[in-house]
Amino acid sequence: MAGSLRYPHPHRGSAEPPEPDDLYASPPPWDIGRPQPAFLALAEAGVIQGRVLDVGCGTGEHVLMCAGLGLDATGVDLAARALGAAEEKARGQGRAARFLLWDALELADLEESFDTVLDCGLFHIFDAEDRAAYVDSLRAATRQGGRYFMLCFSDRQPGEWGRVHKLGRDAIEASFADGWRIDSIEPSTIDITTDPDGIRAWLVALTRV
């Protein structure tokens with residue numbers, strides 16, 4: 001592989017973030033064993049199309065959802081333990097899917113173009129500097145006219161959530177001001193295993209222009 005394995009630092013100068021594999025030493029709250037309802041609804045509506053890339057795919061639920069629709073689906077993550085679980089699920093379900101150990105900030109090095117890019121819970125870990133680099137990385141991997149769908153923490157979510165950045169509409173719009181058309185930013189929910197009410201989120205839909 002060509003991509004670096006640099007772990008994105010959500011807060012430079014703070015305590016070192018956990019290694020990606022450490023996040024999956026036991027099932028994390030966001031690993032719910034099924035697709036997020038917001039993304040499942042997109043799939044059922046037929047708007048997830050073509051070659052699909054799931055960035056920060058974890059144990060692969062959205063990649064497998066897309067593979068089950070007959071789409072060419074790839075997932076990338078820095079957690080080898082999660083990718084191993086994803087590959088085991090794919091074998092068990094008899095689904096053809098590709099999982100790569102890859103840095104989300106280095107998608108250009110894949111030298112591939114995707115029609116649909118999914119992101120559940122990755123964008124909101126980046127600080128402003130890495131957020132800009134991530135958007136550049138996404139742009140390199142998304143074909144012109146391709147779609148990017150993101151679920152991220154909303155500023156409407158109460159409480160402290162560690163290194164996660166709770167984002168408002170303005171921050172999202174500013175991040176995608178160049179090279180993207182924002183199609184919608186809608187209130188949504190990220191399901192987690194530790195709270196039946198889930199996390200208040202934004203479901204963001206964009207088109208690469």
# chains A, B, ... in the order shown; residues from 1 in each chain; ligands from 1
$ residues_around --residues "Gly145 (chain A)" --least-positions-apart "5" --cutoff "7 Å" --atoms "only C-alpha atoms" --output "list in words"
Thr207, Arg208 and Val209 of chain A
$ closest_atom_pairs --of "region 62-135 of chain A" --to "region 147-154 of chain A" --cutoff "10 Å" --atoms "only C-alpha atoms" --output "JSON lines"
{"residue": "A:Phe114", "atom": "CA", "partner": "A:Arg147", "partner_atom": "CA", "distance": 8.7}
{"residue": "A:Asp115", "atom": "CA", "partner": "A:Arg147", "partner_atom": "CA", "distance": 6.3}
{"residue": "A:Thr116", "atom": "CA", "partner": "A:Arg147", "partner_atom": "CA", "distance": 4.8}
{"residue": "A:Val117", "atom": "CA", "partner": "A:Tyr148", "partner_atom": "CA", "distance": 4.7}
{"residue": "A:Leu118", "atom": "CA", "partner": "A:Phe149", "partner_atom": "CA", "distance": 5.0}
{"residue": "A:Asp119", "atom": "CA", "partner": "A:Met150", "partner_atom": "CA", "distance": 4.7}
{"residue": "A:Cys120", "atom": "CA", "partner": "A:Leu151", "partner_atom": "CA", "distance": 4.7}
{"residue": "A:Gly121", "atom": "CA", "partner": "A:Cys152", "partner_atom": "CA", "distance": 5.3}
{"residue": "A:Leu122", "atom": "CA", "partner": "A:Cys152", "partner_atom": "CA", "distance": 7.4}
{"residue": "A:Phe123", "atom": "CA", "partner": "A:Cys152", "partner_atom": "CA", "distance": 6.6}
{"residue": "A:His124", "atom": "CA", "partner": "A:Cys152", "partner_atom": "CA", "distance": 5.7}
{"residue": "A:Ile125", "atom": "CA", "partner": "A:Cys152", "partner_atom": "CA", "distance": 9.0}
$ closest_residue --among "A:Ser137, A:Gln93, A:Ser188, A:Gln144" --to "Leu110 (chain A)" --atoms "only C-alpha atoms"
A:Ser137
$ residues_around --residues "Ala140 (chain A)" --least-positions-apart "5" --cutoff "12 Å" --atoms "only C-alpha atoms" --output "PyMOL selection string"
chain A and resi 104-115+117+133-135+146+179-180+208-209
$ closest_residue --among "A:Asp54, A:Asp22, A:Asp191, A:Asp155" --to "Trp102 (chain A)" --atoms "only C-alpha atoms"
A:Asp54
$ residues_around --residues "Ala41 (chain A)" --least-positions-apart "6" --cutoff "12 Å" --atoms "only C-alpha atoms" --output "VMD selection string"
chain A and resid 35 47 to 48 62 65 149 188 203
$ atom_distance --atom1 "CA of Asp103 (chain A)" --atom2 "CA of Ile32 (chain A)"
22.9 Å
$ residues_around --residues "Ser26 (chain A)" --least-positions-apart "6" --cutoff "12 Å" --atoms "only C-alpha atoms" --output "PyMOL selection string"
chain A and resi 81-82+85
$ write_last_selection --atoms "N, CA and C atoms" --output "PDB file, in the first residue's frame"
ATOM      1  N   ARG A  81      -7.677  -4.380  13.721  1.00  0.00           N
ATOM      2  CA  ARG A  81      -8.596  -5.287  14.421  1.00  0.00           C
ATOM      3  C   ARG A  81     -10.018  -5.149  13.852  1.00  0.00           C
ATOM      4  N   ALA A  82     -10.443  -3.922  13.614  1.00  0.00           N
ATOM      5  CA  ALA A  82     -11.774  -3.700  13.047  1.00  0.00           C
ATOM      6  C   ALA A  82     -11.869  -4.255  11.630  1.00  0.00           C
ATOM      7  N   ALA A  85     -12.342  -7.948  11.653  1.00  0.00           N
ATOM      8  CA  ALA A  85     -13.733  -8.298  11.952  1.00  0.00           C
ATOM      9  C   ALA A  85     -14.619  -8.092  10.725  1.00  0.00           C
TER      10      ALA A  85
END
$ closest_residue --among "A:Leu83, A:Ala38, A:Val76, A:Ala25" --to "Pro187 (chain A)" --atoms "only C-alpha atoms"
A:Ala38
$ select_by_dssp --residues "region 10-173 of chain A" --states "alpha helix (DSSP H)" --output "PyMOL selection string"
chain A and resi 37-45+61-68+80-93+128-141+169-173
$ atom_distance --atom1 "CA of Arg51 (chain A)" --atom2 "CA of Ile199 (chain A)"
28.7 Å
$ select_by_dssp --residues "chain A" --states "strand (DSSP E or B)" --output "ChimeraX atom specification"
/A:51-55,72-77,98-101,114-120,142-154,167,180-190,199-208
$ atom_distance --atom1 "CA of Arg98 (chain A)" --atom2 "CA of Ala73 (chain A)"
6.4 Å
$ residues_around --residues "Gly198 (chain A)" --least-positions-apart "2" --cutoff "10 Å" --atoms "only C-alpha atoms" --output "ChimeraX atom specification"
/A:29-30,157,188-196,200-201
